[in-house]
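Participant: The structure under discussion is supplied below as structure tokens; questions concerning it will follow.
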Amino acid sequence: MTDRTITLTLPEAVFQRAQETADASSLSIEAVFTQSIGRLLPPLEDDLSPSQRAELTVFALKSDEELRSIAFAFVDIERQTKLEELAMLQKTRPLTPDEQIELDRLLDFSYQFMLRKAEAMRLLALRGYKVFPESAPEII
């Protein structure tokens, strides 16, 4: 991996926080910034398309309110109902070509929808928000 050098202009408060972190952790200020930036950027799966990567990368720049809107959105009832109908129908008989295309389209939409929600929740959690209620059931 090749290192790259960049020049940034930072607010004094940000620089001071990084310097204090570097002093407290015995790291260089460069290491503090490298680690901090690396943790903020989304870890993306290798199988994401370039357009998916580009869309999710921009999420880090969204406001908390924009991320909350994405994280807690729901699929509209018509789409959800159609997806469930086609999935059930597929269990009883082979789907027609048009039905299969529609099911594939709905499944792709659902995957993209959940991927966006997951990334928004990840970023909100990094920003210190609780994204799951405390009364959520334990995972065993």
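Residues are referred to by chain and number: the chain letter is A, B, ... according to the order shown in the structure tokens, the number counts from 1 in that chain, and ligands are numbered separately from 1 in the order shown.
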Do a neighbour search on Ala71 in chain A at 8 Å with only C-alpha atoms, toss out local chain neighbours closer than 3 positions, and write the hits as a PyMOL selection string.

Facilitator: chain A and resi 67-68+116-121

Participant: Go ahead and save the picked residues with N, CA and C atoms, as a compact mmCIF listing (two decimals), in the first residue's frame.

Facilitator:
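Printed below is result-v9.txt as written:
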```txt
# COMPACT_ATOMS: atom_id res chain seq x y z
N LEU A 67 -29.10 11.02 8.35
CA LEU A 67 -28.80 9.62 8.65
C LEU A 67 -29.94 8.96 9.42
N ARG A 68 -30.53 9.68 10.37
CA ARG A 68 -31.68 9.12 11.11
C ARG A 68 -32.84 8.83 10.17
N ARG A 116 -28.27 0.58 2.90
CA ARG A 116 -28.28 2.01 3.24
C ARG A 116 -28.63 2.20 4.71
N LYS A 117 -29.64 1.48 5.20
CA LYS A 117 -30.04 1.59 6.60
C LYS A 117 -28.89 1.18 7.52
N ALA A 118 -28.23 0.09 7.19
CA ALA A 118 -27.13 -0.41 8.03
C ALA A 118 -25.99 0.59 8.09
N GLU A 119 -25.64 1.18 6.96
CA GLU A 119 -24.55 2.16 6.95
C GLU A 119 -24.94 3.41 7.73
N ALA A 120 -26.18 3.85 7.60
CA ALA A 120 -26.64 5.02 8.36
C ALA A 120 -26.59 4.72 9.86
N MET A 121 -27.02 3.53 10.27
CA MET A 121 -26.97 3.16 11.69
C MET A 121 -25.54 3.06 12.19
```

Participant: For range 10-16 of chain A, work out the shell of residues within 12 Å, counting only C-alpha atoms and skipping chain neighbours fewer than 5 positions away, then give it as a PyMOL selection string.

Facilitator: chain A and resi 21-23+29-30+32-33+36

Participant: As a count of residues only, please: the residues near Gln80 in chain A (cut-off 12 Å, only C-alpha atoms, same-chain neighbours under 6 positions excluded).

Facilitator: 9

Participant: So which one's closest to Arg79 in chain A, A:Arg105, A:Ser49, A:Asp64, A:Leu41? Using only C-alpha atoms, please.

Facilitator: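 Among the listed residues, A:Arg105 lies closest to Arg79 in chain A.
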
Participant: Distance CA of Gly128 in chain A-CA of Ser69 in chain A, one decimal place?

Facilitator: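 Rounded to one decimal, the two atoms are 16.4 Å apart.
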